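The file upload-v4.cif comes next; it holds mmCIF, N, CA and C atoms and all ligand atoms.
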```cif
data_structure
loop_
_atom_site.label_atom_id
_atom_site.label_comp_id
_atom_site.auth_asym_id
_atom_site.auth_seq_id
_atom_site.Cartn_x
_atom_site.Cartn_y
_atom_site.Cartn_z
N MET A 1 -4.49 12.78 13.41
CA MET A 1 -3.61 13.62 12.59
C MET A 1 -4.04 13.55 11.12
N GLU A 2 -4.21 14.69 10.52
CA GLU A 2 -4.63 14.75 9.13
C GLU A 2 -3.43 14.53 8.21
N THR A 3 -3.61 13.70 7.21
CA THR A 3 -2.56 13.50 6.22
C THR A 3 -3.06 14.05 4.88
N SER A 4 -2.38 15.03 4.35
CA SER A 4 -2.83 15.66 3.11
C SER A 4 -2.66 14.73 1.92
N LEU A 5 -3.38 15.04 0.87
CA LEU A 5 -3.30 14.23 -0.34
C LEU A 5 -1.88 14.23 -0.91
N ASP A 6 -1.25 15.40 -0.90
CA ASP A 6 0.13 15.49 -1.39
C ASP A 6 1.06 14.59 -0.60
N ALA A 7 0.90 14.61 0.73
CA ALA A 7 1.75 13.79 1.58
C ALA A 7 1.52 12.32 1.29
N ARG A 8 0.27 11.95 1.02
CA ARG A 8 -0.03 10.55 0.72
C ARG A 8 0.59 10.13 -0.60
N GLU A 9 0.53 11.02 -1.57
CA GLU A 9 1.12 10.70 -2.87
C GLU A 9 2.62 10.53 -2.74
N GLU A 10 3.23 11.36 -1.90
CA GLU A 10 4.67 11.25 -1.70
C GLU A 10 4.99 9.94 -0.99
N LEU A 11 4.20 9.61 0.03
CA LEU A 11 4.38 8.34 0.74
C LEU A 11 4.24 7.17 -0.22
N ASP A 12 3.28 7.30 -1.11
CA ASP A 12 3.05 6.29 -2.13
C ASP A 12 4.32 6.04 -2.96
N GLN A 13 4.91 7.14 -3.41
CA GLN A 13 6.13 7.05 -4.21
C GLN A 13 7.28 6.46 -3.40
N VAL A 14 7.44 6.97 -2.17
CA VAL A 14 8.53 6.51 -1.30
C VAL A 14 8.39 5.03 -1.01
N THR A 15 7.16 4.61 -0.72
CA THR A 15 6.92 3.21 -0.38
C THR A 15 7.19 2.30 -1.57
N GLN A 16 6.72 2.72 -2.74
CA GLN A 16 6.96 1.91 -3.94
C GLN A 16 8.45 1.81 -4.26
N LYS A 17 9.14 2.90 -4.08
CA LYS A 17 10.58 2.91 -4.36
C LYS A 17 11.31 1.99 -3.39
N ARG A 18 10.92 2.07 -2.10
CA ARG A 18 11.54 1.23 -1.07
C ARG A 18 11.36 -0.24 -1.40
N GLN A 19 10.20 -0.56 -1.98
CA GLN A 19 9.91 -1.96 -2.35
C GLN A 19 10.46 -2.30 -3.73
N GLN A 20 11.25 -1.36 -4.28
CA GLN A 20 11.80 -1.55 -5.62
C GLN A 20 10.69 -1.82 -6.63
N HIS A 21 9.59 -1.13 -6.43
CA HIS A 21 8.44 -1.16 -7.35
C HIS A 21 7.88 -2.56 -7.55
N THR A 22 7.92 -3.33 -6.47
CA THR A 22 7.24 -4.63 -6.51
C THR A 22 6.11 -4.62 -5.48
N CYS A 23 5.12 -5.46 -5.73
CA CYS A 23 3.95 -5.54 -4.87
C CYS A 23 4.29 -6.22 -3.55
N GLY A 24 3.82 -5.64 -2.43
CA GLY A 24 4.07 -6.21 -1.12
C GLY A 24 3.31 -7.51 -0.88
N HIS A 25 2.39 -7.84 -1.78
CA HIS A 25 1.61 -9.07 -1.61
C HIS A 25 2.07 -10.17 -2.57
N CYS A 26 2.06 -9.90 -3.87
CA CYS A 26 2.36 -10.95 -4.85
C CYS A 26 3.80 -10.89 -5.35
N GLY A 27 4.50 -9.78 -5.08
CA GLY A 27 5.90 -9.67 -5.46
C GLY A 27 6.14 -9.31 -6.92
N LEU A 28 5.06 -9.12 -7.68
CA LEU A 28 5.22 -8.73 -9.08
C LEU A 28 5.41 -7.21 -9.20
N LYS A 29 5.88 -6.78 -10.34
CA LYS A 29 6.12 -5.36 -10.56
C LYS A 29 4.83 -4.54 -10.44
N LEU A 30 4.99 -3.34 -9.91
CA LEU A 30 3.84 -2.45 -9.76
C LEU A 30 3.63 -1.57 -10.98
N THR A 31 4.43 -1.76 -11.98
CA THR A 31 4.39 -0.86 -13.14
C THR A 31 3.60 -1.44 -14.30
N GLY A 32 2.72 -2.37 -14.01
CA GLY A 32 1.96 -3.02 -15.08
C GLY A 32 0.69 -2.30 -15.49
N GLY A 33 0.53 -1.06 -15.03
CA GLY A 33 -0.67 -0.32 -15.40
C GLY A 33 -1.83 -0.53 -14.46
N GLU A 34 -1.65 -1.42 -13.49
CA GLU A 34 -2.71 -1.63 -12.51
C GLU A 34 -2.63 -0.56 -11.42
N ILE A 35 -3.78 -0.21 -10.86
CA ILE A 35 -3.82 0.77 -9.78
C ILE A 35 -3.06 0.24 -8.57
N VAL A 36 -2.24 1.10 -7.98
CA VAL A 36 -1.46 0.72 -6.80
C VAL A 36 -2.04 1.43 -5.58
N GLN A 37 -2.20 0.68 -4.51
CA GLN A 37 -2.72 1.27 -3.27
C GLN A 37 -1.77 0.97 -2.12
N LEU A 38 -1.87 1.83 -1.08
CA LEU A 38 -1.08 1.58 0.12
C LEU A 38 -1.93 0.80 1.12
N HIS A 39 -1.37 -0.28 1.61
CA HIS A 39 -2.06 -1.08 2.61
C HIS A 39 -1.44 -0.82 3.98
N HIS A 40 -2.29 -0.65 4.98
CA HIS A 40 -1.84 -0.48 6.36
C HIS A 40 -1.71 -1.86 6.98
N ILE A 41 -0.49 -2.25 7.24
CA ILE A 41 -0.21 -3.62 7.67
C ILE A 41 -0.94 -3.95 8.97
N ASP A 42 -1.01 -3.02 9.90
CA ASP A 42 -1.66 -3.31 11.18
C ASP A 42 -3.17 -3.06 11.16
N GLY A 43 -3.69 -2.64 9.99
CA GLY A 43 -5.12 -2.43 9.87
C GLY A 43 -5.60 -1.09 10.41
N ASN A 44 -4.67 -0.31 10.95
CA ASN A 44 -5.01 1.00 11.50
C ASN A 44 -4.78 2.08 10.44
N HIS A 45 -5.86 2.60 9.90
CA HIS A 45 -5.73 3.56 8.80
C HIS A 45 -5.25 4.93 9.25
N ASP A 46 -5.05 5.12 10.54
CA ASP A 46 -4.47 6.36 11.03
C ASP A 46 -2.97 6.22 11.25
N ASN A 47 -2.48 5.02 11.10
CA ASN A 47 -1.05 4.78 11.30
C ASN A 47 -0.31 4.91 9.97
N TRP A 48 0.27 6.10 9.74
CA TRP A 48 0.94 6.37 8.46
C TRP A 48 2.46 6.23 8.58
N LYS A 49 2.92 5.52 9.60
CA LYS A 49 4.37 5.26 9.69
C LYS A 49 4.77 4.41 8.49
N ARG A 50 5.95 4.70 7.97
CA ARG A 50 6.37 4.03 6.74
C ARG A 50 6.42 2.52 6.87
N LYS A 51 6.84 2.05 8.05
CA LYS A 51 6.97 0.60 8.19
C LYS A 51 5.61 -0.08 8.31
N ASN A 52 4.57 0.71 8.49
CA ASN A 52 3.22 0.14 8.54
C ASN A 52 2.55 0.11 7.18
N LEU A 53 3.25 0.65 6.18
CA LEU A 53 2.64 0.75 4.86
C LEU A 53 3.32 -0.18 3.88
N THR A 54 2.50 -0.78 3.02
CA THR A 54 3.06 -1.56 1.94
C THR A 54 2.26 -1.26 0.68
N ALA A 55 2.96 -1.07 -0.42
CA ALA A 55 2.31 -0.78 -1.70
C ALA A 55 1.93 -2.09 -2.38
N VAL A 56 0.66 -2.18 -2.76
CA VAL A 56 0.16 -3.41 -3.38
C VAL A 56 -0.75 -3.07 -4.56
N HIS A 57 -0.91 -4.02 -5.47
CA HIS A 57 -1.90 -3.87 -6.54
C HIS A 57 -3.29 -3.74 -5.92
N LYS A 58 -4.16 -3.05 -6.61
CA LYS A 58 -5.53 -2.90 -6.11
C LYS A 58 -6.18 -4.27 -5.91
N SER A 59 -5.97 -5.17 -6.86
CA SER A 59 -6.59 -6.50 -6.76
C SER A 59 -6.01 -7.28 -5.59
N CYS A 60 -4.70 -7.11 -5.35
CA CYS A 60 -4.05 -7.78 -4.21
C CYS A 60 -4.58 -7.19 -2.91
N HIS A 61 -4.79 -5.89 -2.92
CA HIS A 61 -5.30 -5.22 -1.73
C HIS A 61 -6.68 -5.77 -1.37
N ASN A 62 -7.52 -5.93 -2.38
CA ASN A 62 -8.84 -6.52 -2.15
C ASN A 62 -8.70 -7.91 -1.56
N TYR A 63 -7.77 -8.67 -2.09
CA TYR A 63 -7.55 -10.04 -1.64
C TYR A 63 -7.12 -10.07 -0.17
N ILE A 64 -6.18 -9.18 0.18
CA ILE A 64 -5.69 -9.11 1.56
C ILE A 64 -6.87 -8.89 2.52
N HIS A 65 -7.73 -7.97 2.15
CA HIS A 65 -8.84 -7.66 3.06
C HIS A 65 -9.91 -8.72 3.06
N MET A 66 -10.07 -9.41 1.96
CA MET A 66 -11.03 -10.50 1.94
C MET A 66 -10.56 -11.66 2.82
N SER A 67 -9.25 -11.93 2.75
CA SER A 67 -8.73 -13.11 3.45
C SER A 67 -8.50 -12.85 4.94
N LYS A 68 -8.15 -11.60 5.29
CA LYS A 68 -7.87 -11.31 6.69
C LYS A 68 -9.04 -10.64 7.39
N SER A 69 -9.99 -10.18 6.60
CA SER A 69 -11.15 -9.46 7.11
C SER A 69 -10.79 -8.36 8.11
N LEU A 70 -9.72 -7.65 7.81
CA LEU A 70 -9.39 -6.44 8.55
C LEU A 70 -10.25 -5.31 8.05
N ASP A 71 -10.57 -4.41 8.88
CA ASP A 71 -11.44 -3.26 8.57
C ASP A 71 -12.38 -3.56 7.43
ZN ZN A 101 0.20 -7.68 -6.34
ZN ZN A 102 -5.39 -2.37 3.29
#
```
If you convert what's in this file into structure tokens, what do you get?
Ligand SMILES: [Zn+2]
Ligand SMILES: [Zn+2]
Amino acid sequence: METSLDAREELDQVTQKRQQHTCGHCGLKLTGGEIVQLHHIDGNHDNWKRKNLTAVHKSCHNYIHMSKSLD
């Protein structure tokens, strides 16, 4: 299933709001000017269900993938 850029941006906003604009990894605010990315918790990048997504800082996202070696 194709997910459009607009839909992803909306998901991004929804996910951040649901997390009260805190990072799903470090718990700090996402509004510090750092790039925010959506992480697929199960590692499946085709799974765009909301509960599979968590908004994290770009640096935290890198860390998650380095430590878990998912995809
Ligand atoms: Zn973070
Ligand atoms: Zn990820």
At a cut-off of 7 Å around ligand ZN 102 (chain A), and using all atoms listed in the file, what residues come up? Please write them as an mmCIF file with N, CA and C atoms, in the frame of the given file.
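Once written, out-v4.cif looks like this:
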```cif
data_model
loop_
_atom_site.group_PDB
_atom_site.id
_atom_site.type_symbol
_atom_site.label_atom_id
_atom_site.label_comp_id
_atom_site.auth_asym_id
_atom_site.auth_seq_id
_atom_site.Cartn_x
_atom_site.Cartn_y
_atom_site.Cartn_z
ATOM 1 N N LEU A 38 -1.870 1.830 -1.080
ATOM 2 C CA LEU A 38 -1.080 1.580 0.120
ATOM 3 C C LEU A 38 -1.930 0.800 1.120
ATOM 4 N N HIS A 39 -1.370 -0.280 1.610
ATOM 5 C CA HIS A 39 -2.060 -1.080 2.610
ATOM 6 C C HIS A 39 -1.440 -0.820 3.980
ATOM 7 N N HIS A 40 -2.290 -0.650 4.980
ATOM 8 C CA HIS A 40 -1.840 -0.480 6.360
ATOM 9 C C HIS A 40 -1.710 -1.860 6.980
ATOM 10 N N ILE A 41 -0.490 -2.250 7.240
ATOM 11 C CA ILE A 41 -0.210 -3.620 7.670
ATOM 12 C C ILE A 41 -0.940 -3.950 8.970
ATOM 13 N N GLY A 43 -3.690 -2.640 9.990
ATOM 14 C CA GLY A 43 -5.120 -2.430 9.870
ATOM 15 C C GLY A 43 -5.600 -1.090 10.410
ATOM 16 N N HIS A 61 -4.790 -5.890 -2.920
ATOM 17 C CA HIS A 61 -5.300 -5.220 -1.730
ATOM 18 C C HIS A 61 -6.680 -5.770 -1.370
ATOM 19 N N ILE A 64 -6.180 -9.180 0.180
ATOM 20 C CA ILE A 64 -5.690 -9.110 1.560
ATOM 21 C C ILE A 64 -6.870 -8.890 2.520
ATOM 22 N N HIS A 65 -7.730 -7.970 2.150
ATOM 23 C CA HIS A 65 -8.840 -7.660 3.060
ATOM 24 C C HIS A 65 -9.910 -8.720 3.060
#
```
Shell of 8 Å around ligand ZN 101 (chain A) (only C-alpha atoms and all ligand atoms), written as a VMD selection string: chain A and resid 22 to 30 56 to 61
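Here atom C of Gln20 (chain A) is placed at a distance of 24.6 Å from CA of Ser67 (chain A).
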Just give me the gap between CA of Tyr63 (chain A) and CA of Gly32 (chain A) in Å, one decimal is fine.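 Atom-to-atom, CA of Tyr63 (chain A) to CA of Gly32 (chain A), that is 17.9 Å.
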For atom N of Ser4 (chain A) and CA of Met66 (chain A), the interatomic separation in Å (one decimal):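 These two atoms are separated by 27.1 Å.
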Which of chain A end up as strand (DSSP E or B) when DSSP is run on this backbone - answer as a PyMOL selection string? chain A and resi 22+29+36-40+53-57
Pick the closest to His21 (chain A) from A:Ala55, A:Asn62, A:Asn44, A:Ala7: which is it, counting only N, CA and C atoms?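 Closest to His21 (chain A) of all the choices is A:Ala55.
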As a PyMOL selection string, list the residues of chain A assigned to alpha helix (DSSP H) by DSSP on the backbone atoms of this structure. chain A and resi 5-18+58-68
